[in-house]
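The next block holds one structure in the form of structure tokens; read it before the comments.
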Amino acid sequence: MNKYLAELIGTFWLVLGGCGSAVLAAAFPQLGIGFVGVSLAFGLTVLTMAYAIGHISGCHLNPAVSFGLWAGGRFDSKDLVPYIVAQTMGAIAAAAVLYMIASGKPDFVAGGFASNGFGDLSPGKYSMMSVLVCEVVLTAVFLFVIMGSTDSRAPAGFAPIAIGLCLTLIHLVSIPVSNTSVNPARSTGVALFASTGALSQLWLFWVAPIIGGILGAVAYKAVAGSQRA
């Protein structure tokens, strides 16, 4: 159970830190951290947890990562469902805590609550196809970086930095498009508390990242050849 609990706690931190920065700090009067700050927050959550629990669970924190590593031959299929359940539970718990904090403000309105969406629910009003392509491609790149940086031939000890910076870059690119998911658990947690129609679009933020994760892992296997970690 240790690795499942580690995934729950790690995903809790990712959603509380990343989505919390978006809900509480992104547009704070005069001192708002904006898109750059939110992007860094997501990257830092992964970087810090990778060092904290990477040796326990591998620090997936994301069903798309678990699917990708499974497709890449780095993850046992028997752990796939328990990991996804733990990640989703952690994300929901974090969103609940964030809601309790945010609702303490007198003029609080949940609104989008850092949820993901397309069309009217996209920050830039991007179409469903634009969001689908964006989420698939960026998740694929994310898995490619994860697979490569954790390969036994890669410099030891630097994988969390590469992975955290990659997630930061992904957010810098895609916040205006989809509010950046690349993580079905993260999308699920906040969608449950949003006062928009985020739940009706949640399917895309499960399908696209998982497809992207599998594609990225398969692509890395093709590039890396038979020798791997």
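In the structure tokens, each chain is lettered A, B, ... as it comes, each chain's residues begin at 1, and ligands are numbered from 1 in order of appearance.
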Inset, instruction - Using DSSP on the backbone coordinates, identify all residues within range 144-219 of chain A classified as alpha helix (DSSP H); present the result as a PyMOL selection string. - result: chain A and resi 144-149+159-178+184-191+204-219
Inset, instruction - Excluding range 181-193 of chain A and any residue of its chain fewer than 5 positions from it, enumerate the residues within 7 Å of it, using only C-alpha atoms, and give them as a ChimeraX atom specification. - result: /A:15,62-64,87-88,91-92,95,113-116,135,139,198-199,202,205-206,209
Inset, instruction - Extract, using only C-alpha atoms, all DNA, RNA and protein residues at most 10 Å from range 40-49 of chain A, discarding same-chain residues fewer than 5 positions from it, and format them as a PyMOL selection string. - result: chain A and resi 6-7+9-22+33+35+54+58-61+158-172
Could you write out that same residue set with N, CA, C and O atoms as a compact mmCIF listing (two decimals), in the first residue's frame?
# COMPACT_ATOMS: atom_id res chain seq x y z
N ALA A 6 1.62 6.88 -1.54
CA ALA A 6 2.56 7.89 -2.05
C ALA A 6 1.97 8.60 -3.27
O ALA A 6 2.09 9.82 -3.42
N GLU A 7 1.32 7.84 -4.15
CA GLU A 7 0.70 8.44 -5.33
C GLU A 7 -0.45 9.35 -4.95
O GLU A 7 -0.64 10.42 -5.54
N ILE A 9 -0.81 11.03 -2.08
CA ILE A 9 -0.25 12.24 -1.48
C ILE A 9 0.42 13.11 -2.54
O ILE A 9 0.27 14.34 -2.55
N GLY A 10 1.16 12.48 -3.44
CA GLY A 10 1.83 13.24 -4.48
C GLY A 10 0.88 13.96 -5.40
O GLY A 10 1.10 15.13 -5.76
N THR A 11 -0.20 13.29 -5.79
CA THR A 11 -1.18 13.93 -6.67
C THR A 11 -1.95 15.01 -5.92
O THR A 11 -2.31 16.04 -6.50
N PHE A 12 -2.18 14.79 -4.64
CA PHE A 12 -2.78 15.83 -3.79
C PHE A 12 -1.94 17.10 -3.86
O PHE A 12 -2.46 18.21 -4.05
N TRP A 13 -0.63 16.95 -3.76
CA TRP A 13 0.26 18.11 -3.77
C TRP A 13 0.27 18.78 -5.14
O TRP A 13 0.27 20.01 -5.25
N LEU A 14 0.26 17.98 -6.19
CA LEU A 14 0.24 18.55 -7.54
C LEU A 14 -0.99 19.42 -7.76
O LEU A 14 -0.89 20.54 -8.26
N VAL A 15 -2.15 18.92 -7.37
CA VAL A 15 -3.39 19.67 -7.59
C VAL A 15 -3.50 20.85 -6.63
O VAL A 15 -3.88 21.96 -7.04
N LEU A 16 -3.13 20.65 -5.38
CA LEU A 16 -3.21 21.77 -4.44
C LEU A 16 -2.22 22.87 -4.82
O LEU A 16 -2.57 24.06 -4.80
N GLY A 17 -1.01 22.49 -5.17
CA GLY A 17 0.00 23.48 -5.53
C GLY A 17 -0.25 24.12 -6.88
O GLY A 17 -0.20 25.36 -7.02
N GLY A 18 -0.54 23.31 -7.89
CA GLY A 18 -0.74 23.83 -9.23
C GLY A 18 -2.05 24.56 -9.41
O GLY A 18 -2.09 25.74 -9.77
N CYS A 19 -3.15 23.86 -9.13
CA CYS A 19 -4.46 24.49 -9.26
C CYS A 19 -4.67 25.57 -8.20
O CYS A 19 -5.35 26.57 -8.44
N GLY A 20 -4.07 25.36 -7.02
CA GLY A 20 -4.17 26.38 -5.99
C GLY A 20 -3.54 27.69 -6.42
O GLY A 20 -4.06 28.77 -6.14
N SER A 21 -2.41 27.61 -7.11
CA SER A 21 -1.78 28.83 -7.61
C SER A 21 -2.67 29.54 -8.62
O SER A 21 -2.73 30.77 -8.66
N ALA A 22 -3.39 28.74 -9.42
CA ALA A 22 -4.29 29.34 -10.42
C ALA A 22 -5.50 29.99 -9.78
O ALA A 22 -5.91 31.09 -10.16
N ILE A 33 0.45 36.19 -9.96
CA ILE A 33 1.59 35.50 -10.55
C ILE A 33 1.40 35.20 -12.04
O ILE A 33 2.36 34.87 -12.73
N PHE A 35 0.21 33.58 -15.82
CA PHE A 35 0.44 32.28 -16.45
C PHE A 35 1.82 31.72 -16.11
O PHE A 35 1.97 30.51 -15.91
N GLY A 54 9.74 9.56 -5.51
CA GLY A 54 10.14 8.83 -6.71
C GLY A 54 10.68 7.45 -6.40
O GLY A 54 10.44 6.48 -7.14
N GLY A 58 7.65 5.84 -7.91
CA GLY A 58 7.99 6.30 -9.25
C GLY A 58 7.44 7.68 -9.54
O GLY A 58 7.77 8.27 -10.56
N CYS A 59 6.57 8.19 -8.66
CA CYS A 59 6.01 9.54 -8.76
C CYS A 59 5.34 9.78 -10.11
O CYS A 59 5.71 10.67 -10.86
N HIS A 60 4.32 8.98 -10.40
CA HIS A 60 3.55 9.18 -11.64
C HIS A 60 2.64 10.40 -11.52
O HIS A 60 2.62 11.26 -12.39
N LEU A 61 1.80 10.43 -10.48
CA LEU A 61 0.87 11.53 -10.18
C LEU A 61 -0.11 11.82 -11.30
O LEU A 61 -0.72 12.88 -11.33
N PHE A 158 19.02 13.62 -12.20
CA PHE A 158 18.52 14.86 -12.80
C PHE A 158 17.12 14.73 -13.40
O PHE A 158 16.56 15.71 -13.87
N ALA A 159 16.56 13.54 -13.38
CA ALA A 159 15.25 13.32 -14.01
C ALA A 159 14.16 14.24 -13.46
O ALA A 159 13.40 14.81 -14.23
N PRO A 160 14.06 14.43 -12.12
CA PRO A 160 13.01 15.31 -11.61
C PRO A 160 13.09 16.74 -12.16
O PRO A 160 12.06 17.38 -12.39
N ILE A 161 14.31 17.22 -12.37
CA ILE A 161 14.48 18.58 -12.90
C ILE A 161 13.97 18.65 -14.33
O ILE A 161 13.21 19.56 -14.70
N ALA A 162 14.37 17.68 -15.16
CA ALA A 162 13.92 17.65 -16.55
C ALA A 162 12.40 17.52 -16.65
O ALA A 162 11.74 18.21 -17.44
N ILE A 163 11.84 16.66 -15.82
CA ILE A 163 10.39 16.42 -15.87
C ILE A 163 9.63 17.64 -15.37
O ILE A 163 8.62 18.05 -15.96
N GLY A 164 10.10 18.24 -14.28
CA GLY A 164 9.43 19.43 -13.76
C GLY A 164 9.49 20.60 -14.73
O GLY A 164 8.50 21.30 -14.93
N LEU A 165 10.64 20.80 -15.37
CA LEU A 165 10.76 21.89 -16.35
C LEU A 165 9.92 21.61 -17.60
O LEU A 165 9.37 22.53 -18.19
N CYS A 166 9.83 20.34 -17.97
CA CYS A 166 8.99 19.99 -19.11
C CYS A 166 7.53 20.33 -18.83
O CYS A 166 6.84 20.90 -19.69
N LEU A 167 7.05 20.00 -17.63
CA LEU A 167 5.66 20.32 -17.29
C LEU A 167 5.45 21.82 -17.22
O LEU A 167 4.39 22.33 -17.61
N THR A 168 6.45 22.55 -16.76
CA THR A 168 6.37 24.02 -16.76
C THR A 168 6.20 24.54 -18.19
O THR A 168 5.34 25.38 -18.46
N LEU A 169 7.03 24.06 -19.10
CA LEU A 169 6.95 24.48 -20.50
C LEU A 169 5.62 24.13 -21.12
O LEU A 169 5.02 24.93 -21.86
N ILE A 170 5.12 22.94 -20.80
CA ILE A 170 3.81 22.52 -21.32
C ILE A 170 2.73 23.51 -20.90
O ILE A 170 1.87 23.89 -21.71
N HIS A 171 2.76 23.95 -19.67
CA HIS A 171 1.77 24.92 -19.19
C HIS A 171 1.95 26.28 -19.86
O HIS A 171 0.96 26.95 -20.18
N LEU A 172 3.19 26.69 -20.06
CA LEU A 172 3.42 27.97 -20.73
C LEU A 172 2.82 27.98 -22.13
O LEU A 172 2.33 29.00 -22.60
Legend entry - Residue among A:Leu24, A:Ala71, A:Ser127, A:Leu138 lying closest to Met100 in chain A, counting only C-alpha atoms: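 Among the listed residues, A:Leu24 lies closest to Met100 in chain A.
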Phe118 in chain A surroundings by only C-alpha atoms, 12 Å radius, close-in-sequence under 5 positions cut, as a short mmCIF file (atom, residue, chain, number, x, y, z; two decimals) with N, CA, C and O atoms, in the first residue's frame:
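Written output follows (selection-v5.cif):
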data_model
loop_
_atom_site.label_atom_id
_atom_site.label_comp_id
_atom_site.auth_asym_id
_atom_site.auth_seq_id
_atom_site.Cartn_x
_atom_site.Cartn_y
_atom_site.Cartn_z
N GLY A 112 -14.80 28.66 -13.12
CA GLY A 112 -14.12 27.54 -13.73
C GLY A 112 -13.27 26.75 -12.77
O GLY A 112 -12.99 25.57 -13.00
N PRO A 123 -9.88 28.95 -22.10
CA PRO A 123 -9.50 30.35 -21.82
C PRO A 123 -9.44 31.21 -23.07
O PRO A 123 -9.83 32.38 -23.06
N GLY A 124 -8.97 30.64 -24.18
CA GLY A 124 -8.88 31.37 -25.44
C GLY A 124 -9.97 31.01 -26.42
O GLY A 124 -9.87 31.36 -27.60
N LYS A 125 -10.99 30.27 -25.96
CA LYS A 125 -12.12 29.85 -26.79
C LYS A 125 -11.68 28.96 -27.96
O LYS A 125 -12.23 29.01 -29.05
N TYR A 126 -10.68 28.11 -27.71
CA TYR A 126 -10.20 27.21 -28.75
C TYR A 126 -11.19 26.06 -28.96
O TYR A 126 -11.87 25.62 -28.03
N SER A 127 -11.23 25.55 -30.18
CA SER A 127 -12.17 24.49 -30.54
C SER A 127 -11.80 23.16 -29.90
O SER A 127 -10.67 22.97 -29.42
N MET A 128 -12.75 22.23 -29.93
CA MET A 128 -12.51 20.90 -29.39
C MET A 128 -11.33 20.24 -30.10
O MET A 128 -10.48 19.60 -29.47
N MET A 129 -11.23 20.39 -31.42
CA MET A 129 -10.14 19.76 -32.17
C MET A 129 -8.80 20.36 -31.77
O MET A 129 -7.81 19.64 -31.62
N SER A 130 -8.74 21.68 -31.59
CA SER A 130 -7.49 22.32 -31.17
C SER A 130 -7.05 21.79 -29.81
O SER A 130 -5.86 21.48 -29.60
N VAL A 131 -7.98 21.69 -28.90
CA VAL A 131 -7.67 21.21 -27.55
C VAL A 131 -7.24 19.74 -27.59
O VAL A 131 -6.28 19.34 -26.92
N LEU A 132 -7.94 18.95 -28.39
CA LEU A 132 -7.60 17.53 -28.52
C LEU A 132 -6.18 17.34 -29.02
O LEU A 132 -5.38 16.59 -28.43
N VAL A 133 -5.84 18.04 -30.08
CA VAL A 133 -4.48 17.94 -30.65
C VAL A 133 -3.44 18.42 -29.64
O VAL A 133 -2.40 17.78 -29.44
N CYS A 134 -3.72 19.53 -29.01
CA CYS A 134 -2.79 20.11 -28.03
C CYS A 134 -2.52 19.13 -26.89
O CYS A 134 -1.37 18.88 -26.52
N GLU A 135 -3.58 18.56 -26.34
CA GLU A 135 -3.42 17.66 -25.19
C GLU A 135 -2.72 16.36 -25.58
O GLU A 135 -1.88 15.85 -24.82
N SER A 174 0.20 25.87 -23.23
CA SER A 174 -1.19 25.44 -23.40
C SER A 174 -2.22 25.99 -22.43
O SER A 174 -3.41 25.68 -22.56
N ILE A 175 -1.82 26.79 -21.45
CA ILE A 175 -2.84 27.37 -20.57
C ILE A 175 -3.91 28.14 -21.37
O ILE A 175 -5.10 27.98 -21.12
N PRO A 176 -3.53 28.96 -22.35
CA PRO A 176 -4.58 29.67 -23.11
C PRO A 176 -5.47 28.75 -23.93
O PRO A 176 -6.60 29.11 -24.26
N VAL A 177 -4.98 27.57 -24.26
CA VAL A 177 -5.74 26.65 -25.12
C VAL A 177 -6.75 25.84 -24.32
O VAL A 177 -7.95 25.84 -24.63
N SER A 178 -6.29 25.12 -23.31
CA SER A 178 -7.17 24.21 -22.57
C SER A 178 -7.12 24.41 -21.07
O SER A 178 -7.76 23.67 -20.33
N ASN A 179 -6.36 25.39 -20.62
CA ASN A 179 -6.03 25.55 -19.20
C ASN A 179 -5.11 24.44 -18.73
O ASN A 179 -4.93 24.25 -17.54
N THR A 180 -4.56 23.72 -19.66
CA THR A 180 -3.57 22.65 -19.47
C THR A 180 -4.04 21.54 -18.54
O THR A 180 -4.10 21.70 -17.33
N SER A 181 -4.30 20.40 -19.15
CA SER A 181 -4.55 19.20 -18.36
C SER A 181 -3.31 18.32 -18.39
O SER A 181 -2.52 18.34 -17.48
N THR A 196 -19.10 25.67 -13.78
CA THR A 196 -19.32 25.69 -15.23
C THR A 196 -19.71 24.29 -15.69
O THR A 196 -19.96 23.41 -14.88
N GLY A 197 -19.70 24.06 -16.98
CA GLY A 197 -20.01 22.74 -17.52
C GLY A 197 -18.78 21.87 -17.69
O GLY A 197 -18.73 21.03 -18.60
N ALA A 198 -17.78 22.04 -16.83
CA ALA A 198 -16.52 21.32 -16.97
C ALA A 198 -16.70 19.80 -16.97
O ALA A 198 -16.01 19.08 -17.69
N LEU A 199 -17.63 19.32 -16.16
CA LEU A 199 -17.82 17.87 -16.09
C LEU A 199 -18.29 17.28 -17.42
O LEU A 199 -17.94 16.15 -17.76
N SER A 200 -19.06 18.06 -18.18
CA SER A 200 -19.56 17.55 -19.45
C SER A 200 -18.46 17.40 -20.49
O SER A 200 -18.62 16.69 -21.48
N GLN A 201 -17.32 18.08 -20.28
CA GLN A 201 -16.20 18.00 -21.21
C GLN A 201 -15.03 17.18 -20.66
O GLN A 201 -13.99 17.05 -21.31
N LEU A 202 -15.23 16.61 -19.49
CA LEU A 202 -14.14 15.90 -18.82
C LEU A 202 -13.64 14.71 -19.63
O LEU A 202 -12.46 14.36 -19.55
N TRP A 203 -14.51 14.08 -20.42
CA TRP A 203 -14.11 12.91 -21.19
C TRP A 203 -12.88 13.18 -22.05
O TRP A 203 -12.00 12.32 -22.18
N LEU A 204 -12.81 14.39 -22.65
CA LEU A 204 -11.69 14.70 -23.53
C LEU A 204 -10.37 14.70 -22.75
O LEU A 204 -9.33 14.30 -23.29
N PHE A 205 -10.43 15.12 -21.48
CA PHE A 205 -9.22 15.24 -20.69
C PHE A 205 -8.84 13.92 -19.99
O PHE A 205 -7.89 13.89 -19.22
#
Inset, instruction - Go through A:Ala224, A:Ile56, A:Ala27, A:Leu80 and flag the residue nearest Arg153 in chain A, using only C-alpha atoms for the distances. - result: A:Ala224
Inset, instruction - Tell me which protein, DNA and RNA residues are within 6 Å of range 101-111 of chain A, counting only C-alpha atoms, leaving out same-chain ones fewer than 3 positions away, and put them as a list in words. - result: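 Here the qualifying residues turn out to be Leu98, Ala194 and Ser195 of chain A.
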With N, CA, C and O atoms retained, could you export that selection as a PDB file, in the first residue's frame?
ATOM      1  N   LEU A  98      -8.822  22.879  -1.518  1.00  0.00           N
ATOM      2  CA  LEU A  98      -8.696  24.171  -2.196  1.00  0.00           C
ATOM      3  C   LEU A  98     -10.022  24.922  -2.184  1.00  0.00           C
ATOM      4  O   LEU A  98     -10.055  26.139  -1.972  1.00  0.00           O
ATOM      5  N   ALA A 194     -16.179  22.972 -10.008  1.00  0.00           N
ATOM      6  CA  ALA A 194     -16.406  24.112 -10.897  1.00  0.00           C
ATOM      7  C   ALA A 194     -17.902  24.357 -11.051  1.00  0.00           C
ATOM      8  O   ALA A 194     -18.707  23.422 -11.011  1.00  0.00           O
ATOM      9  N   SER A 195     -18.266  25.610 -11.243  1.00  0.00           N
ATOM     10  CA  SER A 195     -19.679  25.943 -11.444  1.00  0.00           C
ATOM     11  C   SER A 195     -20.004  26.121 -12.926  1.00  0.00           C
ATOM     12  O   SER A 195     -21.047  26.657 -13.276  1.00  0.00           O
TER      13      SER A 195
END
Inset, instruction - For CA of Ile53 in chain A and CA of Leu5 in chain A, determine how far apart the two atoms are, in Å to one decimal place. - result: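 Distance reported for this atom pair: 10.1 Å.
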Legend entry - Residue contacts of Leu8 in chain A (7 Å, only C-alpha atoms) excluding same-chain residues fewer than 5 positions away, as a list in words: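 Contacts, with the query itself left out: Ala86, Gln87, Met89 and Gly90 of chain A.
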